[in-house]
file protein-v7.cif (mmCIF, C-alpha atoms)
data_model
#
loop_
_atom_site.label_atom_id
_atom_site.label_comp_id
_atom_site.auth_asym_id
_atom_site.auth_seq_id
_atom_site.Cartn_x
_atom_site.Cartn_y
_atom_site.Cartn_z
CA MET N 132 -167.98 -71.86 -101.12
CA GLN N 133 -170.64 -73.84 -99.27
CA LEU N 134 -172.21 -73.18 -95.88
CA GLN N 135 -171.31 -76.69 -94.83
CA GLN N 136 -167.64 -75.98 -95.58
CA LEU N 137 -167.78 -72.81 -93.49
CA ARG N 138 -169.36 -74.71 -90.58
CA TYR N 139 -166.60 -77.33 -90.73
CA PHE N 140 -163.94 -74.61 -90.94
CA VAL N 141 -165.35 -72.83 -87.84
CA ALA N 142 -165.58 -76.14 -85.96
CA VAL N 143 -161.89 -76.87 -86.61
CA ALA N 144 -160.95 -73.30 -85.68
CA ASP N 145 -162.88 -73.65 -82.39
CA THR N 146 -161.59 -77.10 -81.39
CA ARG N 147 -158.13 -76.88 -83.04
CA HIS N 148 -158.59 -80.57 -83.79
CA PHE N 149 -160.01 -82.27 -86.89
CA THR N 150 -161.36 -85.33 -85.10
CA ARG N 151 -163.11 -83.34 -82.36
CA ALA N 152 -164.50 -80.96 -84.99
CA ALA N 153 -165.91 -83.93 -86.91
CA GLN N 154 -167.50 -85.27 -83.73
CA ARG N 155 -169.07 -81.88 -83.02
CA GLU N 156 -170.49 -81.71 -86.53
CA HIS N 157 -171.60 -85.38 -86.50
CA VAL N 158 -169.64 -86.20 -89.64
CA ALA N 159 -166.83 -88.64 -90.42
CA GLN N 160 -163.40 -87.06 -89.99
CA PRO N 161 -162.20 -87.88 -93.54
CA SER N 162 -165.29 -86.18 -94.99
CA LEU N 163 -164.67 -83.06 -92.89
CA SER N 164 -161.02 -82.96 -93.95
CA GLN N 165 -161.99 -83.31 -97.61
CA GLN N 166 -164.41 -80.37 -97.34
CA ILE N 167 -161.75 -78.20 -95.69
CA ARG N 168 -159.31 -79.06 -98.48
CA ALA N 169 -161.92 -78.22 -101.09
CA LEU N 170 -162.51 -74.85 -99.43
CA GLU N 171 -158.76 -74.14 -99.39
CA ARG N 172 -158.48 -75.01 -103.08
CA GLU N 173 -161.37 -72.68 -103.90
CA LEU N 174 -159.86 -69.82 -101.89
CA GLY N 175 -156.32 -70.51 -103.11
CA ALA N 176 -154.84 -70.46 -99.61
CA GLU N 177 -154.27 -72.82 -96.71
CA LEU N 178 -156.43 -72.05 -93.71
CA PHE N 179 -154.65 -74.16 -91.07
CA HIS N 180 -151.10 -74.99 -90.10
CA ARG N 181 -151.22 -78.78 -89.72
CA ALA N 182 -148.53 -79.94 -87.33
CA ARG N 183 -148.81 -83.30 -85.55
CA GLY N 184 -150.85 -82.72 -82.41
CA HIS N 185 -151.20 -79.02 -83.11
CA ILE N 186 -153.62 -77.20 -85.43
CA SER N 187 -153.50 -73.40 -85.77
CA LEU N 188 -154.93 -70.81 -88.11
CA THR N 189 -152.87 -69.34 -90.91
CA ASP N 190 -153.14 -65.63 -91.63
CA ALA N 191 -155.70 -66.47 -94.30
CA GLY N 192 -157.67 -68.58 -91.85
CA ALA N 193 -157.62 -65.83 -89.21
CA ALA N 194 -158.94 -63.38 -91.82
CA LEU N 195 -161.73 -65.75 -92.86
CA LEU N 196 -162.89 -66.75 -89.37
CA PRO N 197 -164.88 -63.61 -88.33
CA MET N 198 -166.51 -63.42 -91.76
CA ALA N 199 -167.42 -67.11 -91.63
CA ARG N 200 -168.99 -66.67 -88.20
CA ARG N 201 -171.01 -63.70 -89.46
CA VAL N 202 -172.23 -65.58 -92.54
CA LEU N 203 -173.30 -68.57 -90.43
CA ALA N 204 -175.02 -66.31 -87.87
CA ASP N 205 -176.88 -64.43 -90.59
CA THR N 206 -177.88 -67.72 -92.19
CA GLU N 207 -179.25 -69.00 -88.87
CA THR N 208 -181.16 -65.75 -88.33
CA ALA N 209 -182.65 -66.00 -91.81
CA ARG N 210 -183.61 -69.64 -91.21
CA ARG N 211 -185.38 -68.80 -87.98
CA GLU N 212 -187.20 -65.84 -89.47
CA VAL N 213 -188.40 -67.90 -92.44
CA GLN N 214 -189.52 -70.69 -90.12
CA GLU N 215 -191.46 -68.23 -87.97
CA VAL N 216 -193.17 -66.80 -91.02
CA ALA N 217 -194.03 -70.32 -92.13
CA GLN N 218 -195.39 -71.11 -88.68
CA LEU N 219 -198.01 -68.40 -89.11
CA ARG N 220 -199.76 -70.86 -91.41
CA ARG N 221 -200.66 -72.69 -88.23
CA GLY N 222 -200.15 -72.32 -84.49
CA ARG N 223 -201.87 -70.48 -81.64
CA VAL N 224 -201.86 -67.10 -79.95
CA ARG N 225 -203.44 -66.47 -76.55
CA LEU N 226 -204.77 -62.99 -75.72
CA GLY N 227 -206.11 -61.72 -72.42
CA ALA N 228 -208.38 -58.68 -72.26
CA PRO N 229 -210.83 -56.97 -69.88
CA PRO N 230 -214.51 -57.66 -70.63
CA SER N 231 -215.06 -54.04 -71.69
CA LEU N 232 -212.52 -54.43 -74.50
CA CYS N 233 -213.83 -57.88 -75.40
CA ALA N 234 -217.19 -56.17 -75.91
CA SER N 235 -215.77 -53.38 -78.09
CA LEU N 236 -212.47 -53.43 -79.95
CA VAL N 237 -211.09 -56.93 -79.48
CA PRO N 238 -213.51 -58.63 -81.92
CA ASP N 239 -212.46 -56.25 -84.71
CA VAL N 240 -208.78 -56.82 -83.96
CA LEU N 241 -209.20 -60.59 -83.95
CA ARG N 242 -211.10 -60.43 -87.21
CA ALA N 243 -208.23 -58.49 -88.82
CA PHE N 244 -205.72 -61.04 -87.49
CA ARG N 245 -207.81 -63.98 -88.71
CA ASP N 246 -208.10 -62.42 -92.17
CA ARG N 247 -204.29 -62.25 -92.39
CA TYR N 248 -203.46 -65.55 -90.68
CA PRO N 249 -206.44 -67.91 -91.01
CA GLY N 250 -204.46 -70.95 -89.88
CA VAL N 251 -203.53 -69.54 -86.46
CA ASP N 252 -205.89 -70.47 -83.62
CA LEU N 253 -207.03 -67.63 -81.38
CA VAL N 254 -207.65 -68.12 -77.66
CA VAL N 255 -209.16 -65.27 -75.60
CA HIS N 256 -209.09 -65.07 -71.81
CA GLU N 257 -211.49 -62.48 -70.39
CA ASP N 258 -210.70 -61.05 -66.95
CA GLY N 259 -209.67 -57.97 -64.98
CA SER N 260 -206.16 -56.56 -65.25
CA GLN N 261 -204.84 -57.97 -61.98
CA ASP N 262 -205.98 -61.48 -62.85
CA LEU N 263 -204.67 -61.12 -66.41
CA VAL N 264 -201.24 -60.14 -65.08
CA ARG N 265 -201.18 -63.26 -62.90
CA VAL N 266 -202.19 -65.54 -65.78
CA LEU N 267 -199.64 -63.83 -68.03
CA ALA N 268 -196.88 -64.37 -65.46
CA GLU N 269 -197.82 -68.06 -65.24
CA GLY N 270 -197.21 -68.44 -68.96
CA GLU N 271 -200.83 -69.10 -69.87
CA LEU N 272 -201.09 -66.04 -72.13
CA ASP N 273 -198.92 -64.60 -74.88
CA LEU N 274 -200.28 -61.05 -74.66
CA ALA N 275 -202.71 -59.18 -72.44
CA LEU N 276 -204.52 -55.87 -72.71
CA ILE N 277 -204.40 -54.34 -69.24
CA ILE N 278 -205.31 -51.10 -67.53
CA THR N 279 -202.20 -49.27 -66.36
CA PRO N 280 -200.70 -48.31 -64.03
CA LEU N 281 -201.28 -51.46 -62.01
CA ALA N 282 -201.99 -51.29 -58.31
CA GLY N 283 -199.25 -52.92 -56.26
CA GLN N 284 -196.07 -54.66 -57.33
CA GLY N 285 -196.56 -57.14 -60.15
CA PRO N 286 -194.22 -59.41 -62.11
CA VAL N 287 -191.72 -57.97 -64.56
CA LEU N 288 -193.68 -57.20 -67.71
CA SER N 289 -192.93 -55.41 -70.93
CA THR N 290 -195.77 -52.95 -71.54
CA PHE N 291 -196.61 -50.58 -74.36
CA GLU N 292 -199.27 -47.89 -73.96
CA LEU N 293 -201.92 -48.10 -76.68
CA LEU N 294 -204.48 -45.45 -75.86
CA ARG N 295 -206.05 -43.23 -73.24
CA GLU N 296 -209.77 -43.99 -73.36
CA GLU N 297 -212.52 -41.67 -72.17
CA LEU N 298 -215.05 -42.92 -69.62
CA VAL N 299 -218.63 -41.73 -69.81
CA VAL N 300 -221.96 -42.16 -67.99
CA VAL N 301 -224.76 -44.17 -69.60
CA SER N 302 -228.44 -43.90 -68.69
CA PRO N 303 -231.75 -45.11 -70.18
CA LEU N 304 -233.07 -43.31 -73.24
CA ASP N 305 -236.63 -43.33 -71.91
CA GLU N 306 -235.72 -41.52 -68.67
CA PRO N 307 -234.64 -37.91 -68.05
CA ALA N 308 -230.98 -37.12 -68.59
CA PRO N 309 -228.92 -37.45 -65.38
CA VAL N 310 -228.11 -33.69 -65.45
CA ARG N 311 -229.54 -30.65 -67.23
CA ARG N 312 -226.12 -29.68 -68.46
CA SER N 313 -224.40 -31.30 -71.46
CA ARG N 314 -221.61 -32.60 -69.20
CA ILE N 315 -221.77 -34.43 -65.89
CA ARG N 316 -219.37 -34.07 -63.00
CA VAL N 317 -218.23 -36.90 -60.75
CA GLU N 318 -219.88 -34.96 -57.87
CA ASP N 319 -223.23 -35.34 -59.65
CA LEU N 320 -223.08 -39.09 -58.98
CA ARG N 321 -223.35 -38.49 -55.22
CA GLY N 322 -226.43 -40.31 -53.93
CA ARG N 323 -227.33 -41.62 -57.42
CA PRO N 324 -227.78 -45.40 -57.66
CA LEU N 325 -225.09 -46.95 -59.82
CA ALA N 326 -225.16 -50.23 -61.70
CA MET N 327 -221.81 -51.52 -60.50
CA PHE N 328 -219.47 -54.17 -61.86
CA ARG N 329 -218.28 -57.14 -59.85
CA ARG N 330 -215.27 -56.93 -57.54
CA GLY N 331 -211.93 -57.13 -59.33
CA TYR N 332 -213.35 -55.39 -62.39
CA ASP N 333 -211.14 -52.49 -63.49
CA LEU N 334 -214.09 -50.17 -64.10
CA ARG N 335 -215.41 -50.79 -60.59
CA GLU N 336 -212.10 -49.74 -59.08
CA LEU N 337 -211.86 -46.66 -61.30
CA THR N 338 -215.40 -45.52 -60.52
CA VAL N 339 -215.11 -46.04 -56.77
CA ALA N 340 -211.72 -44.27 -56.70
CA ALA N 341 -213.12 -41.27 -58.62
CA CYS N 342 -216.08 -40.97 -56.26
CA ARG N 343 -213.88 -41.16 -53.18
CA GLU N 344 -211.55 -38.54 -54.63
CA ALA N 345 -214.63 -36.31 -55.03
CA GLY N 346 -215.40 -36.85 -51.34
CA PHE N 347 -218.20 -39.43 -51.21
CA GLU N 348 -218.90 -43.15 -51.27
CA PRO N 349 -220.88 -44.34 -54.31
CA VAL N 350 -224.34 -45.87 -53.86
CA PHE N 351 -224.84 -49.22 -55.59
CA GLY N 352 -228.32 -49.77 -56.96
CA VAL N 353 -227.21 -53.20 -58.12
CA GLU N 354 -223.75 -54.75 -58.31
CA GLY N 355 -221.88 -57.86 -59.34
CA GLY N 356 -222.38 -57.83 -63.09
CA GLU N 357 -220.22 -58.25 -66.16
CA MET N 358 -220.39 -55.68 -68.95
CA ASP N 359 -223.50 -57.00 -70.71
CA ALA N 360 -225.31 -57.41 -67.40
CA VAL N 361 -224.47 -53.88 -66.24
CA LEU N 362 -225.72 -52.38 -69.50
CA GLY N 363 -228.89 -54.42 -69.04
CA PHE N 364 -229.30 -53.08 -65.50
CA VAL N 365 -229.03 -49.53 -66.85
CA ARG N 366 -231.66 -50.23 -69.51
CA ALA N 367 -233.93 -51.56 -66.77
CA GLY N 368 -233.57 -48.28 -64.85
CA LEU N 369 -231.65 -49.78 -61.93
CA GLY N 370 -228.92 -47.15 -62.01
CA LEU N 371 -226.39 -45.17 -63.99
CA ALA N 372 -223.07 -46.73 -65.02
CA VAL N 373 -219.61 -45.44 -65.84
CA VAL N 374 -218.34 -47.26 -68.92
CA PRO N 375 -215.73 -46.77 -71.67
CA SER N 376 -216.79 -44.54 -74.52
CA MET N 377 -216.24 -47.34 -77.06
CA VAL N 378 -218.71 -49.55 -75.21
CA ALA N 379 -221.18 -46.70 -74.72
CA ALA N 380 -221.22 -45.94 -78.45
CA ARG N 381 -222.56 -49.44 -79.14
CA SER N 382 -224.89 -49.70 -76.15
CA GLY N 383 -228.00 -47.93 -77.46
CA LEU N 384 -228.11 -45.94 -74.20
CA ARG N 385 -227.91 -42.20 -73.57
CA VAL N 386 -224.27 -41.12 -73.28
CA THR N 387 -223.21 -38.20 -71.05
CA ARG N 388 -219.58 -37.13 -71.00
CA PHE N 389 -217.77 -35.91 -67.93
CA ALA N 390 -216.87 -32.24 -67.63
CA PRO N 391 -213.15 -31.44 -68.12
CA PRO N 392 -210.71 -32.82 -67.21
CA GLY N 393 -212.95 -35.85 -67.63
CA LEU N 394 -212.42 -39.41 -66.51
CA HIS N 395 -210.09 -41.70 -68.44
CA ARG N 396 -208.26 -45.01 -68.31
CA THR N 397 -204.99 -46.05 -69.99
CA ILE N 398 -204.92 -49.29 -71.96
CA SER N 399 -201.57 -51.03 -72.53
CA VAL N 400 -200.52 -54.28 -74.15
CA ALA N 401 -198.24 -56.46 -72.03
CA HIS N 402 -196.16 -59.60 -72.30
CA ARG N 403 -193.65 -61.27 -70.01
CA GLY N 404 -190.40 -59.35 -69.91
CA ASP N 405 -188.23 -62.46 -69.68
CA ILE N 406 -189.61 -64.21 -72.78
CA SER N 407 -189.64 -62.94 -76.35
CA PRO N 408 -193.13 -63.12 -77.86
CA THR N 409 -193.71 -65.62 -80.64
CA ARG N 410 -193.98 -64.35 -84.20
CA ALA N 411 -197.77 -64.84 -84.07
CA ALA N 412 -197.97 -62.81 -80.84
CA ARG N 413 -195.83 -60.05 -82.35
CA GLU N 414 -198.12 -59.89 -85.37
CA LEU N 415 -201.18 -59.69 -83.13
CA GLN N 416 -199.54 -56.90 -81.12
CA HIS N 417 -198.82 -55.07 -84.37
CA ILE N 418 -202.50 -55.24 -85.34
CA LEU N 419 -203.52 -54.15 -81.84
CA THR N 420 -201.21 -51.16 -82.14
CA GLU N 421 -202.59 -50.29 -85.57
CA ARG N 422 -206.21 -50.42 -84.41
CA LEU N 423 -206.09 -49.16 -80.85
CA THR N 424 -203.72 -46.23 -81.28
CA THR N 425 -206.16 -44.74 -83.80
CA THR N 426 -209.10 -45.04 -81.40
CA GLY N 427 -210.05 -43.37 -78.15
CA GLY N 428 -209.38 -39.90 -76.83
#
call {"tool": "encode", "arguments": {"input": "protein-v7.cif", "output": "structure tokens"}}
result
Amino acid sequence: MQLQQLRYFVAVADTRHFTRAAQREHVAQPSLSQQIRALERELGAELFHRARGHISLTDAGAALLPMARRVLADTETARREVQEVAQLRRGRVRLGAPPSLCASLVPDVLRAFRDRYPGVDLVVHEDGSQDLVRVLAEGELDLALIITPLAGQGPVLSTFELLREELVVVSPLDEPAPVRRSRIRVEDLRGRPLAMFRRGYDLRELTVAACREAGFEPVFGVEGGEMDAVLGFVRAGLGLAVVPSMVAARSGLRVTRFAPPGLHRTISVAHRGDISPTRAARELQHILTERLTTTGG
């Protein structure tokens, strides 16, 4: 029994006509008829009642039809899966991420992906969550790491929470600690100059919101920077900064944690809800899940 014979059998069963079935399968009608006959001989039963102008399934044909459809469907699924695996020898995956993650975990994740799939090109788009969501919705990204929940109503996305990351305060090593205690409170930032990120930066919004919830407006000693710039401003003594703990651990600055309940942000991976991710994107998401769910606190 050959797959081609099953395809021809299903085509005749669908069209109830040998000539139309041959046209659908792009094969000469005599060849299709010969293959159907060969299948019937192998099975030892006729599959169709052949009356002039009328083709119908025999009992044997009716019994075979659902199984033939299932075999062909499974074969097509297997073909697609194998092709997708083969495509990981080449191709492209586009990842969006906030600058804070590009400066911490993303390089390690991309290195792990490259080690597994060296032929797949990696494209990284660095931006804040709101901008990443827009670019994702426009189809310019396959996956994006975003801070959730998002403010306002965004496009329909499929999101998966990866980790809840602690935020901490960084200050210069050669200056006194920002507080005498081992932990700092958000209230302790009142009146203290802060090295502040540019507008649209997730960490800017989180810091300002925390200060306002504590009943004061933050003071900006300097503002408008990306992650590397803000850490440089702190080293220069221009202000304190609230940054993710993963970034702080690599900064070479003094790290002071917030008193309980602390300050945190939730990182999720997102893709468009109306489009299934490519195999390469699914593999990258798998590596992200492996790495990021074991990090943070």
call {"tool": "closest_residue", "arguments": {"input": "protein-v7.cif", "among": "N:Thr420, N:Gln136, N:Ser382, N:Gln166", "to": "Ala234 in chain N", "atoms": "only C-alpha atoms"}}
result
N:Ser382
call {"tool": "closest_atom_pairs", "arguments": {"input": "protein-v7.cif", "of": "range 181-234 of chain N", "to": "range 245-256 of chain N", "cutoff": "12 Å", "atoms": "all atoms listed in the file", "output": "JSON lines"}}
result
{"residue": "N:Val216", "atom": "CA", "partner": "N:Tyr248", "partner_atom": "CA", "distance": 10.4}
{"residue": "N:Ala217", "atom": "CA", "partner": "N:Tyr248", "partner_atom": "CA", "distance": 10.7}
{"residue": "N:Gln218", "atom": "CA", "partner": "N:Val251", "partner_atom": "CA", "distance": 8.6}
{"residue": "N:Leu219", "atom": "CA", "partner": "N:Val251", "partner_atom": "CA", "distance": 6.2}
{"residue": "N:Arg220", "atom": "CA", "partner": "N:Gly250", "partner_atom": "CA", "distance": 4.9}
{"residue": "N:Arg221", "atom": "CA", "partner": "N:Gly250", "partner_atom": "CA", "distance": 4.5}
{"residue": "N:Gly222", "atom": "CA", "partner": "N:Val251", "partner_atom": "CA", "distance": 4.8}
{"residue": "N:Arg223", "atom": "CA", "partner": "N:Asp252", "partner_atom": "CA", "distance": 4.5}
{"residue": "N:Val224", "atom": "CA", "partner": "N:Leu253", "partner_atom": "CA", "distance": 5.4}
{"residue": "N:Arg225", "atom": "CA", "partner": "N:Val254", "partner_atom": "CA", "distance": 4.7}
{"residue": "N:Leu226", "atom": "CA", "partner": "N:Val255", "partner_atom": "CA", "distance": 4.9}
{"residue": "N:Gly227", "atom": "CA", "partner": "N:His256", "partner_atom": "CA", "distance": 4.5}
{"residue": "N:Ala228", "atom": "CA", "partner": "N:His256", "partner_atom": "CA", "distance": 6.4}
{"residue": "N:Pro229", "atom": "CA", "partner": "N:His256", "partner_atom": "CA", "distance": 8.5}
{"residue": "N:Pro230", "atom": "CA", "partner": "N:His256", "partner_atom": "CA", "distance": 9.3}
{"residue": "N:Leu232", "atom": "CA", "partner": "N:Val255", "partner_atom": "CA", "distance": 11.4}
{"residue": "N:Cys233", "atom": "CA", "partner": "N:Val255", "partner_atom": "CA", "distance": 8.7}
call {"tool": "residues_near_point", "arguments": {"input": "protein-v7.cif", "point": "(-161.2, -79.6, -84.7)", "cutoff": "9 Å", "atoms": "only C-alpha atoms", "output": "list in words"}}
result
Tyr139, Phe140, Val141, Ala142, Val143, Ala144, Asp145, Thr146, Arg147, His148, Phe149, Thr150, Arg151, Ala152, Ala153, Gln154, Arg155 and Ile186 of chain N
call {"tool": "closest_residue", "arguments": {"input": "protein-v7.cif", "among": "N:Val361, N:Val202, N:Ala390, N:Leu188", "to": "Gln133 in chain N", "atoms": "only C-alpha atoms"}}
result
N:Val202
call {"tool": "atom_distance", "arguments": {"input": "protein-v7.cif", "atom1": "CA of Leu178 in chain N", "atom2": "CA of Thr208 in chain N"}}
result
26.1 Å
call {"tool": "resolve_selection", "arguments": {"input": "protein-v7.cif", "expression": "the PyMOL selection byres ((chain N and resi 193) around 12)", "output": "PyMOL selection string"}}
result
chain N and resi 140-141+144-145+176-180+187-192+194-200
call {"tool": "atom_distance", "arguments": {"input": "protein-v7.cif", "atom1": "CA of Leu294 in chain N", "atom2": "CA of Pro391 in chain N"}}
result
18.2 Å
call {"tool": "atom_distance", "arguments": {"input": "protein-v7.cif", "atom1": "CA of Val300 in chain N", "atom2": "CA of Ala341 in chain N"}}
result
12.9 Å
call {"tool": "resolve_selection", "arguments": {"input": "protein-v7.cif", "expression": "the PyMOL selection byres ((chain N and resi 400-414) around 9)", "output": "NGL selection string"}}
result
:N and (212 or 215-216 or 218-219 or 222-226 or 244 or 248 or 251 or 264 or 267-268 or 270 or 272-278 or 286-293 or 398-399 or 415-420)
call {"tool": "closest_residue", "arguments": {"input": "protein-v7.cif", "among": "N:Ala340, N:Leu170, N:Met377, N:Leu362", "to": "Pro303 in chain N", "atoms": "all atoms listed in the file"}}
result
N:Leu362
call {"tool": "axis_aligned_box", "arguments": {"input": "protein-v7.cif", "around": "range 329-337 of chain N", "padding_each_side": "5 Å", "output": "AutoDock Vina command-line options"}}
result
--center_x -214.7 --center_y -51.9 --center_z -60.8 --size_x 17.1 --size_y 20.5 --size_z 16.6
call {"tool": "residues_near_point", "arguments": {"input": "protein-v7.cif", "point": "(-217.6, -48.0, -74.7)", "cutoff": "12 Å", "atoms": "all atoms listed in the file", "output": "mmCIF file with C-alpha atoms, in the frame of the given file"}}
result
data_model
loop_
_atom_site.group_PDB
_atom_site.id
_atom_site.type_symbol
_atom_site.label_atom_id
_atom_site.label_comp_id
_atom_site.auth_asym_id
_atom_site.auth_seq_id
_atom_site.Cartn_x
_atom_site.Cartn_y
_atom_site.Cartn_z
ATOM 1 C CA PRO N 230 -214.510 -57.660 -70.630
ATOM 2 C CA SER N 231 -215.060 -54.040 -71.690
ATOM 3 C CA LEU N 232 -212.520 -54.430 -74.500
ATOM 4 C CA CYS N 233 -213.830 -57.880 -75.400
ATOM 5 C CA ALA N 234 -217.190 -56.170 -75.910
ATOM 6 C CA SER N 235 -215.770 -53.380 -78.090
ATOM 7 C CA LEU N 236 -212.470 -53.430 -79.950
ATOM 8 C CA GLU N 296 -209.770 -43.990 -73.360
ATOM 9 C CA GLU N 297 -212.520 -41.670 -72.170
ATOM 10 C CA LEU N 298 -215.050 -42.920 -69.620
ATOM 11 C CA VAL N 299 -218.630 -41.730 -69.810
ATOM 12 C CA VAL N 300 -221.960 -42.160 -67.990
ATOM 13 C CA VAL N 301 -224.760 -44.170 -69.600
ATOM 14 C CA LEU N 334 -214.090 -50.170 -64.100
ATOM 15 C CA MET N 358 -220.390 -55.680 -68.950
ATOM 16 C CA ASP N 359 -223.500 -57.000 -70.710
ATOM 17 C CA LEU N 362 -225.720 -52.380 -69.500
ATOM 18 C CA ALA N 372 -223.070 -46.730 -65.020
ATOM 19 C CA VAL N 373 -219.610 -45.440 -65.840
ATOM 20 C CA VAL N 374 -218.340 -47.260 -68.920
ATOM 21 C CA PRO N 375 -215.730 -46.770 -71.670
ATOM 22 C CA SER N 376 -216.790 -44.540 -74.520
ATOM 23 C CA MET N 377 -216.240 -47.340 -77.060
ATOM 24 C CA VAL N 378 -218.710 -49.550 -75.210
ATOM 25 C CA ALA N 379 -221.180 -46.700 -74.720
ATOM 26 C CA ALA N 380 -221.220 -45.940 -78.450
ATOM 27 C CA ARG N 381 -222.560 -49.440 -79.140
ATOM 28 C CA SER N 382 -224.890 -49.700 -76.150
ATOM 29 C CA GLY N 383 -228.000 -47.930 -77.460
ATOM 30 C CA LEU N 384 -228.110 -45.940 -74.200
ATOM 31 C CA ARG N 385 -227.910 -42.200 -73.570
ATOM 32 C CA VAL N 386 -224.270 -41.120 -73.280
ATOM 33 C CA THR N 387 -223.210 -38.200 -71.050
ATOM 34 C CA ARG N 388 -219.580 -37.130 -71.000
ATOM 35 C CA HIS N 395 -210.090 -41.700 -68.440
ATOM 36 C CA ARG N 396 -208.260 -45.010 -68.310
ATOM 37 C CA THR N 426 -209.100 -45.040 -81.400
ATOM 38 C CA GLY N 427 -210.050 -43.370 -78.150
ATOM 39 C CA GLY N 428 -209.380 -39.900 -76.830
#
call {"tool": "closest_residue", "arguments": {"input": "protein-v7.cif", "among": "N:Gly346, N:Asp258, N:Val353, N:Arg295", "to": "Gly331 in chain N", "atoms": "all atoms listed in the file"}}
result
N:Asp258
call {"tool": "residues_around", "arguments": {"input": "protein-v7.cif", "residues": "Pro349 in chain N", "least_positions_apart": "2", "cutoff": "8 Å", "atoms": "only C-alpha atoms", "output": "list in words"}}
result
Leu320, Arg321, Gly322, Arg323, Pro324, Leu325, Val339, Cys342, Arg343, Phe347 and Phe351 of chain N
call {"tool": "decode", "arguments": {"input": "protein-v7.cif", "residues": "range 233-249 of chain N", "atoms": "N, CA and C atoms", "output": "mmCIF file, in the first residue's frame"}}
result
data_model
loop_
_atom_site.group_PDB
_atom_site.id
_atom_site.type_symbol
_atom_site.label_atom_id
_atom_site.label_comp_id
_atom_site.auth_asym_id
_atom_site.auth_seq_id
_atom_site.Cartn_x
_atom_site.Cartn_y
_atom_site.Cartn_z
ATOM 1 N N CYS N 233 18.986 43.038 27.717
ATOM 2 C CA CYS N 233 20.065 42.918 26.731
ATOM 3 C C CYS N 233 21.427 43.056 27.406
ATOM 4 N N ALA N 234 21.451 43.759 28.547
ATOM 5 C CA ALA N 234 22.713 43.949 29.261
ATOM 6 C C ALA N 234 22.978 42.854 30.273
ATOM 7 N N SER N 235 22.016 41.918 30.450
ATOM 8 C CA SER N 235 22.210 40.889 31.482
ATOM 9 C C SER N 235 22.041 39.491 30.918
ATOM 10 N N LEU N 236 20.802 39.019 30.803
ATOM 11 C CA LEU N 236 20.582 37.616 30.479
ATOM 12 C C LEU N 236 20.542 37.288 28.996
ATOM 13 N N VAL N 237 20.104 38.227 28.172
ATOM 14 C CA VAL N 237 19.909 37.923 26.753
ATOM 15 C C VAL N 237 21.184 37.413 26.076
ATOM 16 N N PRO N 238 22.358 38.003 26.322
ATOM 17 C CA PRO N 238 23.556 37.456 25.672
ATOM 18 C C PRO N 238 23.803 35.985 25.978
ATOM 19 N N ASP N 239 23.570 35.558 27.215
ATOM 20 C CA ASP N 239 23.765 34.156 27.567
ATOM 21 C C ASP N 239 22.754 33.258 26.853
ATOM 22 N N VAL N 240 21.525 33.733 26.758
ATOM 23 C CA VAL N 240 20.489 32.960 26.069
ATOM 24 C C VAL N 240 20.826 32.820 24.590
ATOM 25 N N LEU N 241 21.248 33.920 23.970
ATOM 26 C CA LEU N 241 21.582 33.866 22.548
ATOM 27 C C LEU N 241 22.790 32.982 22.299
ATOM 28 N N ARG N 242 23.733 32.991 23.229
ATOM 29 C CA ARG N 242 24.891 32.110 23.076
ATOM 30 C C ARG N 242 24.463 30.644 23.118
ATOM 31 N N ALA N 243 23.556 30.298 24.030
ATOM 32 C CA ALA N 243 23.066 28.926 24.115
ATOM 33 C C ALA N 243 22.328 28.533 22.839
ATOM 34 N N PHE N 244 21.539 29.457 22.294
ATOM 35 C CA PHE N 244 20.820 29.177 21.045
ATOM 36 C C PHE N 244 21.802 28.997 19.901
ATOM 37 N N ARG N 245 22.797 29.867 19.807
ATOM 38 C CA ARG N 245 23.774 29.781 18.722
ATOM 39 C C ARG N 245 24.567 28.480 18.798
ATOM 40 N N ASP N 246 24.883 28.028 20.014
ATOM 41 C CA ASP N 246 25.606 26.770 20.161
ATOM 42 C C ASP N 246 24.795 25.602 19.606
ATOM 43 N N ARG N 247 23.466 25.654 19.781
ATOM 44 C CA ARG N 247 22.613 24.567 19.302
ATOM 45 C C ARG N 247 22.294 24.690 17.818
ATOM 46 N N TYR N 248 22.104 25.920 17.349
ATOM 47 C CA TYR N 248 21.662 26.147 15.968
ATOM 48 C C TYR N 248 22.550 27.210 15.316
ATOM 49 N N PRO N 249 23.773 26.850 14.995
ATOM 50 C CA PRO N 249 24.728 27.856 14.486
ATOM 51 C C PRO N 249 24.350 28.450 13.142
#
